[in-house]
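Just below is one structure, and these are the notes that go with it.
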Amino acid sequence: MTPRIAFTPGEPAGIGPELAVKLACSERASDIASAQIIAIADPDLLQQEATRQGKALTLLPFDPTLPVQATPANSLHILPVELAQAAYPGQLNPTNAPYVLETLRLAAEGCLQRTFDAVVTGPVHKGVINEAGVPFSGHTEFFAEKAGVEKVVMMLAADELRVALATTHLPLKDVSDAISGPSLQQVLTILHRSLRDQFRIEHPRIGVCGLNPHAGEDGHLGREEIDVIEPALETLRALGLNLIGPLPADTLFTPPQLARCDAVLAMYHDQGLPVLKFKGFGRAINITLGLPFIRTSVDHGTALNIAGNGIADTGSLYAALSQAIELAKLRQF
Ligand SMILES: NC(=O)C1=CN([C@@H]2O[C@H](COP(=O)(O)OP(=O)(O)OC[C@H]3O[C@@H](n4cnc5c(N)ncnc54)[C@H](O)[C@@H]3O)[C@@H](O)[C@H]2O)C=CC1
Ligand SMILES: NCC(=O)COP(=O)(O)O
């Protein structure tokens, strides 16, 4: 099987275009070299970046009616989308936000129609899309909406550590209200099924963090554990899920506890992701669980501070591509 992978480089003023050209023009591991990689992007943007890097980049027109063909060295297949205005590294421009969203829309559409076997996303700038007047909190929520799925789960993985989130992009003050028994049950069920069916872990063990310090200290430091989290875990245990916790996050994220878990569910973004990024920033991946298609992503953002300098690291992009290719080959969920 030659997997057909859509790649959206994301924010045009960030490091996405640089990563795309490096992906095309550097030596690729054999799994990536044997895939067809379709960049959904502005061809001129990529060619300008290639010129900046002193690379000869060939952009091959993508024709979904032709037999799948691995993308040759120094090339990318291209599904062109035009920028509204020229993009300059490090300079955000809300006028180009519709361009970014259109690349994501095409990727979602192509995955839903099975034109693509997976999508790998580069980083977008959530703020500039909102400045353009479009409410946008992240790829995770965008793809869920496009797929018509009520609930998906964001999971990041670095080496053997997997961290999923009960809530994603929302202000900290809204986190407690967003965690309900039904929402936790949905998240844990999606996580359990993905670990079993996509990651082939027969009996997944999931560690669950509490929300409050010391997991609420028996109700003296908050009651969410007693009122919401424990009852949700009990319901799921009765259905056969192997759940550990709720444990204080600063206990669960210690090596002896992690050794008992195939994944950890953190209650909110910055409870789980700093640990993950400390362990593996630059080689970690982000994967959306519960979509009807495969979506992986880089572990980093737009890195505007280094865009155009030529120093962006491709480690996470390669990891995200490898994971997408592996899942596409194993697809059975
Ligand atoms: N997958 C996505 O679309 C993501 C998007 N973001 C967005 O990115 C924007 C900027 O976020 P920040 O918090 O500044 O995080 P960031 O990851 O863009 O940057 C944090 C630091 O890491 C460095 N860095 C990031 N990626 C790198 C790479 N590949 N090679 C070398 N150095 C790298 C940056 O230069 C910076 O010093 C925000 O708008 C955020 O929403 C953030 C995370 C993921
Ligand atoms: N910190 C991870 C992140 O913000 C990625 O979000 P998404 O764009 O993948 O939904």
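By convention here, the chains of the structure tokens are called A, B, ... in the order presented, each chain's residues are numbered starting at 1, and ligands are numbered starting at 1 in the order presented.
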
| said: Could you list, as an MDAnalysis selection string, all residues that come within 9 Å of ligand 1? Count only C-alpha atoms and all ligand atoms. | reply: chainID A and resid 10:11 14:16 19 121:128 137:139 281:282 286 297:307 311:317

| request: Would you work out the distance separating atom CA of Ala178 of chain A from atom CA of Thr251 of chain A, expressed in Å to one decimal? | output: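 Separation of atom CA of Ala178 of chain A and atom CA of Thr251 of chain A: 23.4 Å.
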
| query | What separation in Å, quoted to one decimal, exists between atom CA of Val119 of chain A and atom CA of Ala107 of chain A? | reply | 6.5 Å

| field | Sel. of alpha helix (DSSP H) residues, segment 9-258 of chain A, as a ChimeraX atom specification | value | /A:16-25,30-33,43-53,97-112,126-131,139-147,175-178,181-197,224,230-238,249-252,255-258

| message | Under the rule that only C-alpha atoms are counted, which of A:Asp262, A:Glu141, A:Glu131, A:Asp174 is the nearest residue to Ala157 of chain A? | response |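 Once distances to Ala157 of chain A are computed over only C-alpha atoms, the minimum belongs to A:Asp262.
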
| said: Given only C-alpha atoms as the basis, pick out the residue of A:Ala33, A:Ile5, A:Leu211, A:Glu49 nearest to Gly310 of chain A. | reply: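 Closest candidate: A:Glu49.
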
| Every residue of segment 127-239 of chain A that DSSP places in strand (DSSP E or B), as JSON, numbers by chain | {"A": [153, 154, 155, 156, 157, 158, 161, 162, 163, 164, 165, 205, 206, 207, 208, 209, 220, 222]}

| query | Between A:Pro3, A:Gly216, A:Pro255, A:Gly280, which has the minimum distance to Gln323 of chain A (counting only C-alpha atoms)? | reply |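 The closest residue to Gln323 of chain A is A:Pro3.
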
| field | Distance in Å - atom CA of Ala29 of chain A versus atom CA of Phe62 of chain A | value | 22.1 Å

| Residue neighbourhood Thr167 of chain A, 10 Å, only C-alpha atoms, exclusion window fewer than 5 positions, as JSON, numbers by chain | {"A": [153, 154, 172, 174, 175, 176, 178, 179, 183, 184, 187, 265, 266, 267, 268, 269]}

Could you save the residues just selected, with N, CA and C atoms, as a short mmCIF file (atom, residue, chain, number, x, y, z; two decimals), in the first residue's frame?
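Generated file (selection11.cif):
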data_model
loop_
_atom_site.label_atom_id
_atom_site.label_comp_id
_atom_site.auth_asym_id
_atom_site.auth_seq_id
_atom_site.Cartn_x
_atom_site.Cartn_y
_atom_site.Cartn_z
N VAL A 153 -10.94 13.43 20.90
CA VAL A 153 -9.99 13.53 22.00
C VAL A 153 -8.62 13.91 21.45
N MET A 154 -8.01 14.90 22.08
CA MET A 154 -6.63 15.28 21.71
C MET A 154 -5.66 14.44 22.53
N LEU A 172 -8.95 28.63 31.61
CA LEU A 172 -8.83 27.79 32.80
C LEU A 172 -10.07 27.92 33.70
N ASP A 174 -13.01 28.06 32.97
CA ASP A 174 -14.18 27.31 32.47
C ASP A 174 -13.97 25.79 32.54
N VAL A 175 -12.78 25.37 32.98
CA VAL A 175 -12.47 23.93 32.90
C VAL A 175 -13.39 23.09 33.77
N SER A 176 -13.58 23.51 35.02
CA SER A 176 -14.38 22.67 35.93
C SER A 176 -15.78 22.44 35.37
N ALA A 178 -16.67 22.39 32.39
CA ALA A 178 -16.66 21.60 31.14
C ALA A 178 -16.47 20.10 31.41
N ILE A 179 -16.13 19.78 32.65
CA ILE A 179 -15.91 18.35 32.97
C ILE A 179 -17.17 17.79 33.64
N SER A 183 -19.34 13.73 29.73
CA SER A 183 -18.23 14.09 28.85
C SER A 183 -17.00 13.24 29.17
N LEU A 184 -16.77 12.98 30.46
CA LEU A 184 -15.63 12.13 30.82
C LEU A 184 -15.81 10.71 30.30
N VAL A 187 -15.02 10.75 26.59
CA VAL A 187 -13.58 10.88 26.34
C VAL A 187 -12.86 9.57 26.64
N LEU A 265 -4.93 10.32 31.20
CA LEU A 265 -5.91 11.36 30.85
C LEU A 265 -5.71 12.52 31.81
N ALA A 266 -5.31 13.67 31.25
CA ALA A 266 -5.19 14.90 32.03
C ALA A 266 -6.50 15.66 31.91
N MET A 267 -6.82 16.42 32.92
CA MET A 267 -8.12 17.11 32.91
C MET A 267 -8.11 18.36 32.04
N TYR A 268 -6.93 18.95 31.86
CA TYR A 268 -6.88 20.16 31.03
C TYR A 268 -5.50 20.29 30.39
N HIS A 269 -5.47 21.12 29.35
CA HIS A 269 -4.32 21.32 28.47
C HIS A 269 -2.99 21.41 29.23
#

| request: Choose the residue, out of A:Leu330, A:Ile37, A:Leu156, A:Leu273, that has the smallest atom-to-atom separation from Leu191 of chain A; count only C-alpha atoms. | output: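 Checking each of A:Leu330, A:Ile37, A:Leu156, A:Leu273 against Leu191 of chain A, counting only C-alpha atoms, the winner is A:Leu156.
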
| said: Taking 4 positions as the minimum chain separation for residues in the same chain, which residues sit within 10 Å of Lys279 of chain A when counting only C-alpha atoms? Answer as number ranges by chain. | reply: A: 157-159, 161, 273-275, 283-284
